[in-house]
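Okay, coords-v2.cif now, which holds mmCIF, C-alpha atoms:
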```
data_structure
loop_
_atom_site.label_atom_id
_atom_site.label_comp_id
_atom_site.auth_asym_id
_atom_site.auth_seq_id
_atom_site.Cartn_x
_atom_site.Cartn_y
_atom_site.Cartn_z
CA MET M 1 203.61 -58.50 -104.14
CA LEU M 2 205.19 -58.33 -100.71
CA MET M 3 208.02 -56.43 -99.09
CA LYS M 4 211.10 -58.48 -98.27
CA ARG M 5 212.93 -58.55 -94.98
CA ARG M 6 215.87 -56.19 -95.06
CA THR M 7 219.43 -56.98 -94.05
CA LEU M 8 219.57 -53.73 -92.09
CA LEU M 9 217.48 -55.26 -89.35
CA ALA M 10 219.39 -58.51 -89.19
CA SER M 11 222.78 -56.83 -89.20
CA ALA M 12 221.85 -54.71 -86.20
CA ALA M 13 221.87 -57.76 -83.95
CA PRO M 14 223.76 -60.66 -85.55
CA ALA M 15 223.69 -62.72 -82.39
CA LEU M 16 219.95 -63.05 -82.79
CA LEU M 17 220.07 -64.85 -86.12
CA LEU M 18 220.03 -68.23 -84.42
CA GLY M 19 216.47 -67.45 -83.30
CA ALA M 20 214.61 -68.88 -80.36
CA GLY M 21 212.93 -72.23 -79.93
CA VAL M 22 209.18 -72.54 -79.49
CA ALA M 23 209.60 -73.26 -75.78
CA SER M 24 211.70 -70.13 -75.33
CA VAL M 25 209.11 -68.03 -77.15
CA ALA M 26 206.28 -69.43 -75.01
CA HIS M 27 208.26 -68.75 -71.83
CA ALA M 28 208.94 -65.16 -72.89
CA GLN M 29 205.27 -64.58 -73.67
CA ALA M 30 204.24 -65.95 -70.29
CA SER M 31 206.76 -63.87 -68.34
CA ASP M 32 206.28 -60.56 -70.15
CA PRO M 33 202.74 -59.30 -70.88
CA ARG M 34 204.12 -57.13 -73.69
CA LEU M 35 204.82 -60.33 -75.62
CA ALA M 36 201.33 -61.77 -75.16
CA ILE M 37 199.35 -62.53 -78.31
CA ARG M 38 197.67 -59.48 -79.80
CA ALA M 39 194.48 -60.67 -81.41
CA LEU M 40 190.90 -59.79 -82.28
CA GLY M 41 187.75 -61.90 -82.22
CA ASN M 42 186.70 -65.14 -80.61
CA PRO M 43 189.54 -67.61 -79.89
CA SER M 44 186.99 -70.39 -80.44
CA ALA M 45 186.32 -69.30 -84.04
CA LYS M 46 186.73 -72.08 -86.61
CA VAL M 47 189.26 -70.07 -88.57
CA HIS M 48 192.40 -68.56 -87.08
CA VAL M 49 194.32 -66.13 -89.28
CA GLU M 50 197.80 -64.87 -88.50
CA GLU M 51 199.16 -61.81 -90.28
CA TRP M 52 202.90 -61.17 -90.26
CA PHE M 53 203.27 -57.46 -90.92
CA SER M 54 205.71 -54.58 -90.71
CA LEU M 55 204.73 -51.08 -89.67
CA THR M 56 206.85 -49.65 -92.50
CA CYS M 57 205.40 -51.96 -95.17
CA THR M 58 203.38 -49.99 -97.71
CA HIS M 59 201.54 -53.14 -98.80
CA CYS M 60 200.53 -53.79 -95.19
CA ALA M 61 199.33 -50.20 -94.92
CA ARG M 62 197.17 -50.49 -98.02
CA PHE M 63 195.70 -53.78 -96.79
CA ALA M 64 194.95 -52.24 -93.39
CA GLU M 65 193.21 -49.25 -94.95
CA GLU M 66 191.35 -50.83 -97.85
CA VAL M 67 190.64 -54.43 -96.86
CA PHE M 68 190.94 -54.94 -93.11
CA PRO M 69 187.88 -52.83 -92.09
CA GLU M 70 185.62 -55.18 -94.07
CA ILE M 71 187.35 -58.22 -92.59
CA ARG M 72 186.86 -56.71 -89.13
CA SER M 73 183.14 -56.08 -89.55
CA LYS M 74 182.14 -59.15 -91.58
CA LEU M 75 184.45 -61.88 -90.35
CA ILE M 76 186.03 -60.95 -87.02
CA ASP M 77 183.16 -59.19 -85.27
CA THR M 78 180.75 -61.91 -86.43
CA GLY M 79 182.79 -64.64 -84.77
CA LYS M 80 183.98 -66.34 -87.94
CA VAL M 81 187.66 -65.41 -87.63
CA TYR M 82 190.15 -65.08 -84.80
CA TYR M 83 192.75 -62.63 -86.13
CA ILE M 84 196.29 -62.64 -84.73
CA PHE M 85 198.85 -59.88 -85.32
CA ARG M 86 202.45 -61.06 -85.73
CA ASP M 87 205.38 -58.66 -85.79
CA PHE M 88 207.77 -58.96 -88.72
CA PRO M 89 209.63 -55.61 -88.79
CA LEU M 90 211.50 -54.99 -92.02
CA ASP M 91 213.83 -52.31 -90.67
CA GLN M 92 214.91 -50.50 -87.52
CA VAL M 93 212.11 -47.94 -87.73
CA ALA M 94 209.50 -50.70 -87.90
CA LEU M 95 211.19 -52.52 -85.02
CA SER M 96 211.04 -49.41 -82.82
CA ALA M 97 207.39 -48.90 -83.72
CA ALA M 98 206.57 -52.54 -82.90
CA MET M 99 208.25 -52.17 -79.51
CA ILE M 100 206.22 -49.09 -78.68
CA ALA M 101 202.96 -50.72 -79.82
CA ARG M 102 203.59 -53.74 -77.61
CA ALA M 103 204.45 -51.58 -74.62
CA LEU M 104 201.00 -49.97 -74.70
CA PRO M 105 198.09 -51.60 -72.84
CA GLY M 106 196.67 -54.44 -74.91
CA GLU M 107 193.36 -52.69 -75.50
CA ARG M 108 195.16 -49.82 -77.22
CA TYR M 109 197.24 -52.01 -79.53
CA GLU M 110 194.91 -52.32 -82.52
CA ALA M 111 194.07 -48.62 -82.72
CA PHE M 112 197.71 -47.61 -82.40
CA VAL M 113 198.94 -50.06 -85.03
CA LEU M 114 196.23 -49.05 -87.49
CA ALA M 115 197.01 -45.38 -86.87
CA LEU M 116 200.69 -45.98 -87.62
CA LEU M 117 199.90 -47.87 -90.81
CA ALA M 118 197.50 -45.15 -91.92
CA SER M 119 200.07 -42.40 -91.41
CA GLN M 120 203.31 -43.96 -92.68
CA ASP M 121 203.91 -41.01 -94.99
CA ARG M 122 203.97 -38.68 -92.02
CA TRP M 123 205.96 -40.50 -89.35
CA ALA M 124 208.08 -43.05 -91.25
CA PHE M 125 208.68 -41.67 -94.73
CA GLY M 126 208.05 -37.95 -94.48
CA LYS M 127 210.65 -35.65 -95.94
CA ASP M 128 213.01 -34.15 -93.34
CA VAL M 129 211.25 -35.90 -90.45
CA ASN M 130 212.75 -37.74 -87.51
CA PRO M 131 210.82 -41.05 -87.36
CA GLN M 132 211.61 -41.53 -83.67
CA GLU M 133 210.33 -38.07 -82.76
CA GLU M 134 207.15 -38.56 -84.81
CA LEU M 135 206.67 -41.95 -83.18
CA ARG M 136 207.08 -40.34 -79.75
CA LYS M 137 204.31 -37.85 -80.56
CA MET M 138 201.94 -40.60 -81.64
CA ALA M 139 202.78 -42.66 -78.56
CA ALA M 140 201.98 -39.64 -76.40
CA LEU M 141 198.55 -39.42 -78.00
CA ALA M 142 198.05 -43.06 -77.06
CA GLY M 143 198.88 -42.28 -73.43
CA MET M 144 202.56 -43.15 -73.20
CA SER M 145 204.78 -40.83 -71.22
CA ALA M 146 208.07 -39.54 -72.60
CA ASP M 147 209.97 -41.51 -69.94
CA GLN M 148 208.21 -44.76 -70.81
CA PHE M 149 208.84 -44.14 -74.49
CA GLN M 150 212.58 -43.81 -73.97
CA GLN M 151 212.72 -46.77 -71.59
CA THR M 152 210.88 -48.94 -74.11
CA LEU M 153 213.22 -48.07 -76.97
CA ALA M 154 216.20 -48.85 -74.73
CA ASP M 155 214.78 -52.22 -73.66
CA ASP M 156 217.03 -54.84 -75.26
CA LYS M 157 214.93 -57.68 -73.83
CA LEU M 158 211.86 -56.55 -75.75
CA ARG M 159 213.86 -55.84 -78.91
CA HIS M 160 215.47 -59.28 -78.83
CA ALA M 161 212.16 -61.02 -78.16
CA ILE M 162 210.52 -59.45 -81.21
CA MET M 163 213.48 -60.31 -83.42
CA ASP M 164 213.66 -63.86 -82.03
CA GLU M 165 210.00 -64.37 -82.94
CA GLU M 166 210.68 -63.00 -86.40
CA ASP M 167 213.62 -65.37 -86.84
CA ARG M 168 211.43 -68.26 -85.69
CA ALA M 169 208.78 -67.42 -88.28
CA GLN M 170 211.42 -67.19 -90.96
CA ALA M 171 212.92 -70.56 -90.03
CA GLN M 172 209.68 -72.43 -89.36
CA TYR M 173 207.43 -71.01 -92.08
CA LYS M 174 210.00 -69.57 -94.51
CA ILE M 175 208.43 -66.14 -94.10
CA ASP M 176 210.65 -63.47 -95.60
CA GLY M 177 208.31 -60.59 -96.39
CA THR M 178 205.10 -58.80 -95.56
CA PRO M 179 202.23 -59.16 -95.52
CA THR M 180 202.12 -62.92 -95.05
CA PHE M 181 198.96 -64.70 -93.89
CA ARG M 182 198.52 -68.18 -92.43
CA PHE M 183 195.05 -69.72 -92.27
CA ASN M 184 194.52 -72.30 -89.51
CA ASP M 185 198.27 -72.89 -89.49
CA LYS M 186 197.85 -74.78 -92.79
CA GLU M 187 197.66 -72.52 -95.82
CA GLN M 188 200.10 -69.64 -96.27
CA VAL M 189 199.75 -66.68 -98.60
CA SER M 190 202.58 -64.18 -99.05
CA GLN M 191 200.87 -61.30 -100.82
CA GLU M 192 198.22 -58.65 -100.37
CA LEU M 193 194.71 -60.09 -100.50
CA THR M 194 191.46 -58.50 -101.55
CA TYR M 195 188.49 -58.98 -99.25
CA GLU M 196 187.01 -61.48 -101.70
CA GLN M 197 190.22 -63.53 -101.76
CA PHE M 198 190.49 -63.43 -97.97
CA ALA M 199 186.83 -64.38 -97.45
CA GLN M 200 187.18 -67.27 -99.90
CA LYS M 201 190.08 -68.68 -97.88
CA VAL M 202 188.01 -68.39 -94.71
CA ALA M 203 184.96 -70.01 -96.29
CA SER M 204 187.00 -72.99 -97.48
CA LEU M 205 188.05 -73.68 -93.88
CA SER M 206 184.74 -72.97 -92.12
#
```

Representation of the structure as structure tokens:
Amino acid sequence: MLMKRRTLLASAAPALLLGAGVASVAHAQASDPRLAIRALGNPSAKVHVEEWFSLTCTHCARFAEEVFPEIRSKLIDTGKVYYIFRDFPLDQVALSAAMIARALPGERYEAFVLALLASQDRWAFGKDVNPQEELRKMAALAGMSADQFQQTLADDKLRHAIMDEEDRAQAQYKIDGTPTFRFNDKEQVSQELTYEQFAQKVASLS
């Protein structure tokens, strides 16, 4: 089961629905360090895995909490897998969170993203909470100033770049929900995976 992309996000910026070409994406990544690949492990690993995820996806949160730690210790840290995080925000809250995560120094990205996924009930879905204010508090704990937080959320260039990449994934790979995994840019799985299922995919490509 996966969570589908929501029209709320697309309707917020209709001009972006045309997406960006691969060359445009590569240029944006080269010119803005916030758009650089966020990944774990050895780039020379035989298996590269990309995960398209949303920070407000409950399935992504469960995968991050219950499955990813074992993937990290047994497959990524051992050099078997190079793991790439791909933004696919399902709504405006997730888009804001993705912008903040990318604005942090690269070495803080993983911890911040995992913290957000682990605490969705508090900052994204809590009763009578302001998601932006809760996100600001968590960003502060990660070392982001209040001024940088506001500047990041107001940065249309960053917002458009994330949405352009999402549109590209949707057009090129037909991705429409999270989590979605691609193994060595060949096999695609659009559902939560157990560790055993994930490891089997890796073993078949090693």

Please identify all polymer residues within 7 Å of Ala39 of chain M, counting only C-alpha atoms, omitting same-chain residues fewer than 4 positions from it, and present them as a PDB file with C-alpha atoms, in the coordinates of the input.
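Contents of part-v1.pdb, freshly written:
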```pdb
ATOM      1  CA  TYR M  83     192.750 -62.630 -86.130  1.00  0.00           C
ATOM      2  CA  ILE M  84     196.290 -62.640 -84.730  1.00  0.00           C
ATOM      3  CA  PHE M  85     198.850 -59.880 -85.320  1.00  0.00           C
TER       4      PHE M  85
END
```

Applying the PyMOL selection byres ((chain M and resi 129-140) around 9) to the file I just gave you, which residues come out? Please list them as an mmCIF file with C-alpha atoms, keeping the file's coordinate frame.
```cif
data_model
loop_
_atom_site.group_PDB
_atom_site.id
_atom_site.type_symbol
_atom_site.label_atom_id
_atom_site.label_comp_id
_atom_site.auth_asym_id
_atom_site.auth_seq_id
_atom_site.Cartn_x
_atom_site.Cartn_y
_atom_site.Cartn_z
ATOM 1 C CA VAL M 93 212.110 -47.940 -87.730
ATOM 2 C CA SER M 96 211.040 -49.410 -82.820
ATOM 3 C CA ALA M 97 207.390 -48.900 -83.720
ATOM 4 C CA ILE M 100 206.220 -49.090 -78.680
ATOM 5 C CA ALA M 101 202.960 -50.720 -79.820
ATOM 6 C CA LEU M 104 201.000 -49.970 -74.700
ATOM 7 C CA PHE M 112 197.710 -47.610 -82.400
ATOM 8 C CA ALA M 115 197.010 -45.380 -86.870
ATOM 9 C CA LEU M 116 200.690 -45.980 -87.620
ATOM 10 C CA ARG M 122 203.970 -38.680 -92.020
ATOM 11 C CA TRP M 123 205.960 -40.500 -89.350
ATOM 12 C CA ALA M 124 208.080 -43.050 -91.250
ATOM 13 C CA PHE M 125 208.680 -41.670 -94.730
ATOM 14 C CA GLY M 126 208.050 -37.950 -94.480
ATOM 15 C CA LYS M 127 210.650 -35.650 -95.940
ATOM 16 C CA ASP M 128 213.010 -34.150 -93.340
ATOM 17 C CA LEU M 141 198.550 -39.420 -78.000
ATOM 18 C CA ALA M 142 198.050 -43.060 -77.060
ATOM 19 C CA GLY M 143 198.880 -42.280 -73.430
ATOM 20 C CA MET M 144 202.560 -43.150 -73.200
ATOM 21 C CA SER M 145 204.780 -40.830 -71.220
ATOM 22 C CA ALA M 146 208.070 -39.540 -72.600
ATOM 23 C CA PHE M 149 208.840 -44.140 -74.490
ATOM 24 C CA GLN M 150 212.580 -43.810 -73.970
#
```

Quick one, how far is atom CA of Leu193 of chain M from atom CA of Ala161 of chain M?
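That distance, rounded to one decimal, is 28.4 Å.
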
Within 9 Å of Glu166 of chain M, counting only C-alpha atoms, which residues show up once you throw out same-chain ones fewer than 6 positions away? Write them as an MDAnalysis selection string, please.
chainID M and resid 19 52 86:89 175

Report, in Å with one decimal, the straight-line distance from atom CA of Ile76 of chain M to atom CA of Ala98 of chain M.
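Distance between the two atoms: 22.6 Å.
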
Could you spell out the hits of the PyMOL selection byres ((chain M and resi 158) around 12) on the shown file, as an MDAnalysis selection string?
chainID M and resid 25 28:29 31:36 95:103 151:157 159:165

With N, CA and C atoms as the goal, would you fill in the gaps in segment 58-90 of chain M and present it as a short mmCIF file (atom, residue, chain, number, x, y, z; two decimals), in the frame of the given file?
```cif
data_model
loop_
_atom_site.label_atom_id
_atom_site.label_comp_id
_atom_site.auth_asym_id
_atom_site.auth_seq_id
_atom_site.Cartn_x
_atom_site.Cartn_y
_atom_site.Cartn_z
N THR M 58 204.45 -50.72 -97.02
CA THR M 58 203.38 -49.99 -97.71
C THR M 58 202.25 -50.93 -98.14
N HIS M 59 202.57 -52.17 -98.46
CA HIS M 59 201.54 -53.14 -98.80
C HIS M 59 200.67 -53.45 -97.59
N CYS M 60 201.28 -53.57 -96.42
CA CYS M 60 200.53 -53.79 -95.19
C CYS M 60 199.62 -52.60 -94.90
N ALA M 61 200.12 -51.40 -95.16
CA ALA M 61 199.33 -50.20 -94.92
C ALA M 61 198.11 -50.16 -95.84
N ARG M 62 198.30 -50.50 -97.08
CA ARG M 62 197.17 -50.49 -98.02
C ARG M 62 196.14 -51.55 -97.63
N PHE M 63 196.61 -52.73 -97.24
CA PHE M 63 195.70 -53.78 -96.79
C PHE M 63 194.92 -53.32 -95.57
N ALA M 64 195.60 -52.69 -94.61
CA ALA M 64 194.95 -52.24 -93.39
C ALA M 64 193.88 -51.19 -93.68
N GLU M 65 194.15 -50.33 -94.65
CA GLU M 65 193.21 -49.25 -94.95
C GLU M 65 192.05 -49.70 -95.83
N GLU M 66 192.35 -50.53 -96.84
CA GLU M 66 191.35 -50.83 -97.85
C GLU M 66 190.60 -52.15 -97.64
N VAL M 67 191.22 -53.10 -96.97
CA VAL M 67 190.64 -54.43 -96.86
C VAL M 67 190.27 -54.81 -95.42
N PHE M 68 191.14 -54.48 -94.47
CA PHE M 68 190.94 -54.94 -93.11
C PHE M 68 189.62 -54.47 -92.48
N PRO M 69 189.16 -53.24 -92.72
CA PRO M 69 187.88 -52.83 -92.09
C PRO M 69 186.73 -53.77 -92.44
N GLU M 70 186.68 -54.25 -93.66
CA GLU M 70 185.62 -55.18 -94.07
C GLU M 70 185.81 -56.54 -93.41
N ILE M 71 187.06 -56.98 -93.30
CA ILE M 71 187.35 -58.22 -92.59
C ILE M 71 186.92 -58.10 -91.13
N ARG M 72 187.21 -56.95 -90.54
CA ARG M 72 186.86 -56.71 -89.13
C ARG M 72 185.36 -56.83 -88.93
N SER M 73 184.58 -56.13 -89.76
CA SER M 73 183.14 -56.08 -89.55
C SER M 73 182.42 -57.36 -89.96
N LYS M 74 182.88 -58.01 -91.03
CA LYS M 74 182.14 -59.15 -91.58
C LYS M 74 182.63 -60.52 -91.10
N LEU M 75 183.89 -60.58 -90.69
CA LEU M 75 184.45 -61.88 -90.35
C LEU M 75 184.92 -61.98 -88.90
N ILE M 76 185.53 -60.91 -88.40
CA ILE M 76 186.03 -60.95 -87.02
C ILE M 76 184.92 -60.67 -86.02
N ASP M 77 184.22 -59.58 -86.22
CA ASP M 77 183.16 -59.19 -85.27
C ASP M 77 181.98 -60.15 -85.28
N THR M 78 181.84 -60.94 -86.34
CA THR M 78 180.75 -61.91 -86.43
C THR M 78 181.14 -63.28 -85.88
N GLY M 79 182.36 -63.40 -85.40
CA GLY M 79 182.79 -64.64 -84.77
C GLY M 79 183.32 -65.70 -85.71
N LYS M 80 183.51 -65.35 -86.97
CA LYS M 80 183.98 -66.34 -87.94
C LYS M 80 185.50 -66.48 -87.93
N VAL M 81 186.20 -65.42 -87.55
CA VAL M 81 187.66 -65.41 -87.63
C VAL M 81 188.26 -64.88 -86.33
N TYR M 82 189.29 -65.57 -85.88
CA TYR M 82 190.15 -65.08 -84.80
C TYR M 82 191.42 -64.58 -85.48
N TYR M 83 191.70 -63.28 -85.35
CA TYR M 83 192.75 -62.63 -86.13
C TYR M 83 193.93 -62.29 -85.22
N ILE M 84 195.11 -62.80 -85.57
CA ILE M 84 196.29 -62.64 -84.73
C ILE M 84 197.32 -61.79 -85.45
N PHE M 85 197.81 -60.76 -84.77
CA PHE M 85 198.85 -59.88 -85.32
C PHE M 85 200.23 -60.44 -84.96
N ARG M 86 201.09 -60.57 -85.95
CA ARG M 86 202.45 -61.06 -85.73
C ARG M 86 203.45 -60.03 -86.25
N ASP M 87 204.37 -59.65 -85.40
CA ASP M 87 205.38 -58.66 -85.79
C ASP M 87 206.41 -59.28 -86.73
N PHE M 88 206.69 -58.56 -87.81
CA PHE M 88 207.77 -58.96 -88.72
C PHE M 88 208.41 -57.67 -89.25
N PRO M 89 209.07 -56.91 -88.37
CA PRO M 89 209.63 -55.61 -88.79
C PRO M 89 210.69 -55.76 -89.86
N LEU M 90 210.59 -54.93 -90.89
CA LEU M 90 211.50 -54.99 -92.02
C LEU M 90 212.73 -54.11 -91.85
#
```
